[in-house]
$ cat protein35.cif   # mmCIF, C-alpha atoms
data_final
#
loop_
_atom_site.label_atom_id
_atom_site.label_comp_id
_atom_site.auth_asym_id
_atom_site.auth_seq_id
_atom_site.Cartn_x
_atom_site.Cartn_y
_atom_site.Cartn_z
CA MET A 1 -12.58 2.67 -11.94
CA PRO A 2 -12.09 6.28 -10.81
CA ARG A 3 -10.14 7.14 -7.68
CA ILE A 4 -12.47 8.02 -4.84
CA ILE A 5 -11.00 11.04 -3.08
CA GLY A 6 -11.46 10.86 0.67
CA SER A 7 -12.22 7.13 0.70
CA GLU A 8 -11.91 5.87 4.26
CA ARG A 9 -11.33 2.21 3.37
CA ASN A 10 -9.53 0.65 0.45
CA GLU A 11 -8.36 -2.96 0.23
CA LEU A 12 -4.96 -4.26 -0.81
CA ILE A 13 -4.68 -8.01 -1.39
CA ILE A 14 -1.17 -9.35 -0.84
CA ASN A 15 0.14 -12.75 -1.83
CA ASP A 16 1.77 -13.75 1.48
CA THR A 17 4.37 -16.27 0.35
CA LEU A 18 5.50 -16.92 3.94
CA ALA A 19 2.02 -18.06 5.01
CA GLY A 20 1.12 -19.54 1.63
CA CYS A 21 -2.10 -17.58 1.22
CA GLN A 22 -3.52 -14.21 0.27
CA VAL A 23 -4.25 -11.63 2.95
CA GLY A 24 -6.23 -8.40 2.86
CA LEU A 25 -5.20 -5.12 4.42
CA TYR A 26 -7.56 -2.17 4.65
CA TYR A 27 -6.10 1.29 4.33
CA ARG A 28 -7.17 4.89 3.87
CA MET A 29 -5.73 7.10 1.18
CA PRO A 30 -2.88 9.19 2.58
CA THR A 31 -3.13 12.93 2.80
CA THR A 32 -0.84 15.16 0.75
CA LYS A 33 0.98 16.07 3.97
CA GLU A 34 1.59 12.36 4.71
CA ARG A 35 2.90 11.81 1.18
CA GLN A 36 5.30 14.72 1.65
CA GLY A 37 6.35 13.40 5.06
CA TYR A 38 7.01 9.98 3.58
CA LEU A 39 9.20 11.40 0.82
CA ASN A 40 11.11 13.51 3.34
CA ALA A 41 11.64 10.45 5.58
CA VAL A 42 13.01 8.25 2.78
CA VAL A 43 16.12 10.30 2.04
CA LYS A 44 18.14 11.98 4.76
CA ARG A 45 21.17 14.15 4.32
CA GLU A 46 23.62 14.98 7.04
CA ARG A 47 26.41 17.20 5.77
CA ASN A 48 27.89 15.36 2.77
CA LYS A 49 26.33 12.01 3.58
CA VAL A 50 23.02 10.92 2.04
CA THR A 51 21.27 7.86 3.48
CA MET A 52 18.18 5.98 2.35
CA HIS A 53 15.47 4.97 4.86
CA HIS A 54 12.83 3.19 2.77
CA ALA A 55 12.08 0.44 5.30
CA GLU A 56 11.52 2.81 8.22
CA ALA A 57 9.41 5.20 6.14
CA ARG A 58 7.28 2.39 4.71
CA MET A 59 6.68 0.94 8.18
CA LYS A 60 5.88 4.29 9.82
CA TYR A 61 3.56 5.56 7.12
CA GLY A 62 2.12 2.13 6.31
CA LEU A 63 0.99 1.87 9.94
CA GLU A 64 -0.50 5.36 9.77
CA ILE A 65 -2.78 4.50 6.86
CA LEU A 66 -3.56 0.89 7.93
CA VAL A 67 -7.16 0.88 9.18
CA GLY A 68 -7.92 -2.83 9.37
CA ILE A 69 -7.29 -6.42 8.38
CA ARG A 70 -9.58 -8.79 6.55
CA ASP A 71 -11.33 -11.22 8.90
CA GLY A 72 -9.99 -14.75 8.76
CA ASP A 73 -6.59 -13.78 7.37
CA PHE A 74 -4.58 -13.42 10.60
CA MET A 75 -4.11 -15.36 13.81
CA ARG A 76 -2.14 -14.55 16.94
CA LEU A 77 -0.90 -16.66 19.82
CA HIS A 78 -2.94 -16.43 22.99
CA ASN A 79 -1.72 -18.57 25.91
CA GLY A 80 0.35 -20.55 23.41
CA ALA A 81 -2.55 -21.39 21.10
CA PRO A 82 -3.37 -19.72 17.77
CA VAL A 83 -6.59 -17.69 17.81
CA ALA A 84 -8.27 -15.68 15.06
CA MET A 85 -7.59 -11.95 15.09
CA SER A 86 -9.93 -9.26 13.80
CA SER A 87 -9.73 -5.48 13.62
CA ASP A 88 -13.52 -5.20 13.57
CA PRO A 89 -14.88 -4.21 17.02
CA SER A 90 -18.15 -6.04 16.29
CA SER A 91 -16.36 -9.35 15.61
CA PRO A 92 -16.09 -12.02 18.31
CA ASP A 93 -12.40 -12.32 17.28
CA TYR A 94 -11.72 -8.60 17.83
CA CYS A 95 -8.27 -7.85 19.23
CA ALA A 96 -7.87 -4.31 20.58
CA GLY A 97 -4.13 -4.49 19.90
CA TRP A 98 -4.44 -5.75 16.32
CA LYS A 99 -2.31 -2.93 14.91
CA GLU A 100 0.51 -3.55 17.40
CA GLU A 101 0.35 -7.27 16.53
CA MET A 102 0.70 -6.37 12.86
CA GLU A 103 3.66 -4.11 13.61
CA LYS A 104 5.43 -6.81 15.65
CA GLY A 105 4.71 -9.84 13.50
CA CYS A 106 3.81 -8.66 10.01
CA GLY A 107 6.18 -5.79 9.35
CA ASP A 108 6.84 -7.18 5.86
CA LEU A 109 3.16 -6.81 4.97
CA VAL A 110 2.88 -3.33 6.49
CA MET A 111 5.99 -2.25 4.57
CA ALA A 112 4.56 -3.75 1.38
CA LEU A 113 1.40 -1.68 1.91
CA GLY A 114 3.51 1.46 2.48
CA GLY A 115 5.56 0.73 -0.63
CA VAL A 116 2.54 0.19 -2.88
CA VAL A 117 0.64 3.24 -1.66
CA PHE A 118 3.49 5.72 -1.25
CA ASP A 119 5.98 4.59 -3.91
CA GLY A 120 3.53 3.43 -6.55
CA GLY A 121 0.25 4.68 -7.82
CA ALA A 122 1.03 7.22 -10.50
CA GLU A 123 2.59 6.53 -13.87
CA VAL A 124 2.91 8.90 -16.81
CA VAL A 125 1.19 7.64 -19.97
CA SER A 126 2.12 8.72 -23.47
CA PRO A 127 -0.72 10.28 -25.51
CA GLU A 128 -0.96 7.30 -27.87
CA ASP A 129 -1.38 4.89 -24.91
CA ALA A 130 -4.00 7.01 -23.12
CA GLU A 131 -7.53 5.67 -22.69
CA PRO A 132 -10.23 7.57 -24.56
CA GLU A 133 -12.10 10.08 -22.40
CA ASN A 134 -14.83 8.49 -20.25
CA ALA A 135 -13.62 4.97 -21.17
CA SER A 136 -13.55 3.99 -17.50
CA ILE A 137 -17.09 5.22 -16.82
CA GLU A 138 -19.51 2.55 -17.91
CA GLY A 139 -23.02 3.36 -19.03
CA GLU A 140 -22.37 6.96 -20.00
#

$ encode --input "protein35.cif" --output "structure tokens"
Amino acid sequence: MPRIIGSERNELIINDTLAGCQVGLYYRMPTTKERQGYLNAVVKRERNKVTMHHAEARMKYGLEILVGIRDGDFMRLHNGAPVAMSSDPSSPDYCAGWKEEMEKGCGDLVMALGGVVFDGGAEVVSPEDAEPENASIEGE
């Protein structure tokens, strides 16, 4: 399937081994400026000392591109009882602070999203392993 440039909502399914289920996170494709910012945030140099900051960069930029969560996948505690949490304003389970809840309680998932989107994605293919032109476009 071709990449859709400017897509406002993509879905990443994560196998959440802590919860024992799969969860869906919705994200937008990052801008080139965000990709550059992420790469600049990962490695910092101060004089002769170079430090790596993958976790912080993945969390920061993962939160920036996170646009929603799949309904039914997350719950939060409200007055001590678990209640469903949605990022969809039209849902009866909508939680205005859903993103803050994700940052506080699901940092591992947000960082996984940041890692997949910012650290993965592109891989160089040798000419003999390349798909034939138009192989991914069905019906043409």

$ resolve_selection --input "protein35.cif" --expression "the PyMOL selection byres ((chain A and resi 39) around 12)" --output "VMD selection string"
chain A and resid 32 to 38 40 to 44 52 to 54 56 to 58 60 to 61 114 to 115 118 to 119

$ residues_around --input "protein35.cif" --residues "A:Arg76" --least-positions-apart "3" --cutoff "12 Å" --atoms "only C-alpha atoms" --output "list in words"
Gly72, Asp73, Asn79, Gly80, Ala81, Pro82, Val83, Ala84, Met85, Ser86, Asp93, Tyr94, Cys95, Gly97, Trp98, Lys99, Glu100, Glu101, Met102, Lys104, Gly105 and Cys106 of chain A

$ residues_around --input "protein35.cif" --residues "A:Gly6" --least-positions-apart "6" --cutoff "10 Å" --atoms "only C-alpha atoms" --output "list in words"
Arg28, Met29, Pro30 and Thr31 of chain A

$ axis_aligned_box --input "protein35.cif" --around "stretch 59-76 of chain A" --padding-each-side "6 Å" --output "lines of an AutoDock Vina configuration file"
center_x = -2.3
center_y = -4.9
center_z = 11.6
size_x = 30.0
size_y = 32.9
size_z = 22.6

$ atom_distance --input "protein35.cif" --atom1 "atom CA of A:Leu113" --atom2 "atom CA of A:Arg3"
17.4 Å

$ atom_distance --input "protein35.cif" --atom1 "atom CA of A:Leu66" --atom2 "atom CA of A:Tyr26"
6.0 Å

$ residues_around --input "protein35.cif" --residues "stretch 16-19 of chain A" --least-positions-apart "4" --cutoff "10 Å" --atoms "all atoms listed in the file" --output "list of chain:residue names"
A:Val23, A:Gly24, A:Asp73, A:Phe74, A:Asp108, A:Leu109

$ atom_distance --input "protein35.cif" --atom1 "atom CA of A:Val67" --atom2 "atom CA of A:Cys21"
20.7 Å

$ closest_residue --input "protein35.cif" --among "A:His78, A:Tyr27, A:Glu103, A:Ser87" --to "A:Met59" --atoms "all atoms listed in the file"
A:Glu103

$ closest_residue --input "protein35.cif" --among "A:Ile4, A:Val50, A:Leu77, A:Ile65" --to "A:Val116" --atoms "all atoms listed in the file"
A:Ile65

$ build_atoms --input "protein35.cif" --residues "stretch 75-98 of chain A" --atoms "N, CA and C atoms" --output "PDB file, in the frame of the given file"
ATOM      1  N   MET A  75      -3.956 -14.749  12.497  1.00  0.00           N
ATOM      2  CA  MET A  75      -4.110 -15.360  13.810  1.00  0.00           C
ATOM      3  C   MET A  75      -2.970 -14.855  14.679  1.00  0.00           C
ATOM      4  N   ARG A  76      -3.184 -14.915  15.981  1.00  0.00           N
ATOM      5  CA  ARG A  76      -2.140 -14.550  16.940  1.00  0.00           C
ATOM      6  C   ARG A  76      -2.101 -15.621  18.013  1.00  0.00           C
ATOM      7  N   LEU A  77      -0.996 -15.689  18.730  1.00  0.00           N
ATOM      8  CA  LEU A  77      -0.900 -16.660  19.820  1.00  0.00           C
ATOM      9  C   LEU A  77      -1.480 -16.060  21.081  1.00  0.00           C
ATOM     10  N   HIS A  78      -2.340 -16.826  21.721  1.00  0.00           N
ATOM     11  CA  HIS A  78      -2.940 -16.430  22.990  1.00  0.00           C
ATOM     12  C   HIS A  78      -2.804 -17.630  23.924  1.00  0.00           C
ATOM     13  N   ASN A  79      -2.022 -17.466  24.988  1.00  0.00           N
ATOM     14  CA  ASN A  79      -1.720 -18.570  25.910  1.00  0.00           C
ATOM     15  C   ASN A  79      -1.147 -19.771  25.149  1.00  0.00           C
ATOM     16  N   GLY A  80      -0.319 -19.495  24.154  1.00  0.00           N
ATOM     17  CA  GLY A  80       0.350 -20.550  23.410  1.00  0.00           C
ATOM     18  C   GLY A  80      -0.444 -21.194  22.296  1.00  0.00           C
ATOM     19  N   ALA A  81      -1.704 -20.796  22.142  1.00  0.00           N
ATOM     20  CA  ALA A  81      -2.550 -21.390  21.100  1.00  0.00           C
ATOM     21  C   ALA A  81      -2.929 -20.332  20.068  1.00  0.00           C
ATOM     22  N   PRO A  82      -2.964 -20.698  18.782  1.00  0.00           N
ATOM     23  CA  PRO A  82      -3.370 -19.720  17.770  1.00  0.00           C
ATOM     24  C   PRO A  82      -4.872 -19.425  17.844  1.00  0.00           C
ATOM     25  N   VAL A  83      -5.196 -18.132  17.813  1.00  0.00           N
ATOM     26  CA  VAL A  83      -6.590 -17.690  17.810  1.00  0.00           C
ATOM     27  C   VAL A  83      -6.777 -16.665  16.698  1.00  0.00           C
ATOM     28  N   ALA A  84      -7.967 -16.634  16.134  1.00  0.00           N
ATOM     29  CA  ALA A  84      -8.270 -15.680  15.060  1.00  0.00           C
ATOM     30  C   ALA A  84      -8.154 -14.255  15.597  1.00  0.00           C
ATOM     31  N   MET A  85      -7.754 -13.349  14.709  1.00  0.00           N
ATOM     32  CA  MET A  85      -7.590 -11.950  15.090  1.00  0.00           C
ATOM     33  C   MET A  85      -8.344 -11.072  14.098  1.00  0.00           C
ATOM     34  N   SER A  86      -9.155 -10.175  14.626  1.00  0.00           N
ATOM     35  CA  SER A  86      -9.930  -9.260  13.800  1.00  0.00           C
ATOM     36  C   SER A  86      -9.689  -7.827  14.249  1.00  0.00           C
ATOM     37  N   SER A  87      -9.816  -6.905  13.301  1.00  0.00           N
ATOM     38  CA  SER A  87      -9.730  -5.480  13.620  1.00  0.00           C
ATOM     39  C   SER A  87     -11.116  -4.853  13.753  1.00  0.00           C
ATOM     40  N   ASP A  88     -12.137  -5.663  13.534  1.00  0.00           N
ATOM     41  CA  ASP A  88     -13.520  -5.200  13.570  1.00  0.00           C
ATOM     42  C   ASP A  88     -14.074  -5.310  14.989  1.00  0.00           C
ATOM     43  N   PRO A  89     -14.380  -4.174  15.640  1.00  0.00           N
ATOM     44  CA  PRO A  89     -14.880  -4.210  17.020  1.00  0.00           C
ATOM     45  C   PRO A  89     -16.151  -5.033  17.205  1.00  0.00           C
ATOM     46  N   SER A  90     -16.920  -5.252  16.146  1.00  0.00           N
ATOM     47  CA  SER A  90     -18.150  -6.040  16.290  1.00  0.00           C
ATOM     48  C   SER A  90     -17.905  -7.547  16.125  1.00  0.00           C
ATOM     49  N   SER A  91     -16.690  -7.943  15.815  1.00  0.00           N
ATOM     50  CA  SER A  91     -16.360  -9.350  15.610  1.00  0.00           C
ATOM     51  C   SER A  91     -16.059 -10.033  16.945  1.00  0.00           C
ATOM     52  N   PRO A  92     -16.455 -11.294  17.098  1.00  0.00           N
ATOM     53  CA  PRO A  92     -16.090 -12.020  18.310  1.00  0.00           C
ATOM     54  C   PRO A  92     -14.576 -12.264  18.413  1.00  0.00           C
ATOM     55  N   ASP A  93     -13.853 -12.126  17.305  1.00  0.00           N
ATOM     56  CA  ASP A  93     -12.400 -12.320  17.280  1.00  0.00           C
ATOM     57  C   ASP A  93     -11.637 -11.002  17.397  1.00  0.00           C
ATOM     58  N   TYR A  94     -12.351  -9.924  17.756  1.00  0.00           N
ATOM     59  CA  TYR A  94     -11.720  -8.600  17.830  1.00  0.00           C
ATOM     60  C   TYR A  94     -10.559  -8.613  18.820  1.00  0.00           C
ATOM     61  N   CYS A  95      -9.464  -8.007  18.391  1.00  0.00           N
ATOM     62  CA  CYS A  95      -8.270  -7.850  19.230  1.00  0.00           C
ATOM     63  C   CYS A  95      -7.961  -6.358  19.270  1.00  0.00           C
ATOM     64  N   ALA A  96      -8.096  -5.761  20.442  1.00  0.00           N
ATOM     65  CA  ALA A  96      -7.870  -4.310  20.580  1.00  0.00           C
ATOM     66  C   ALA A  96      -6.470  -3.920  20.141  1.00  0.00           C
ATOM     67  N   GLY A  97      -5.502  -4.796  20.284  1.00  0.00           N
ATOM     68  CA  GLY A  97      -4.130  -4.490  19.900  1.00  0.00           C
ATOM     69  C   GLY A  97      -3.732  -5.051  18.545  1.00  0.00           C
ATOM     70  N   TRP A  98      -4.707  -5.145  17.625  1.00  0.00           N
ATOM     71  CA  TRP A  98      -4.440  -5.750  16.320  1.00  0.00           C
ATOM     72  C   TRP A  98      -3.329  -5.019  15.557  1.00  0.00           C
TER      73      TRP A  98
END
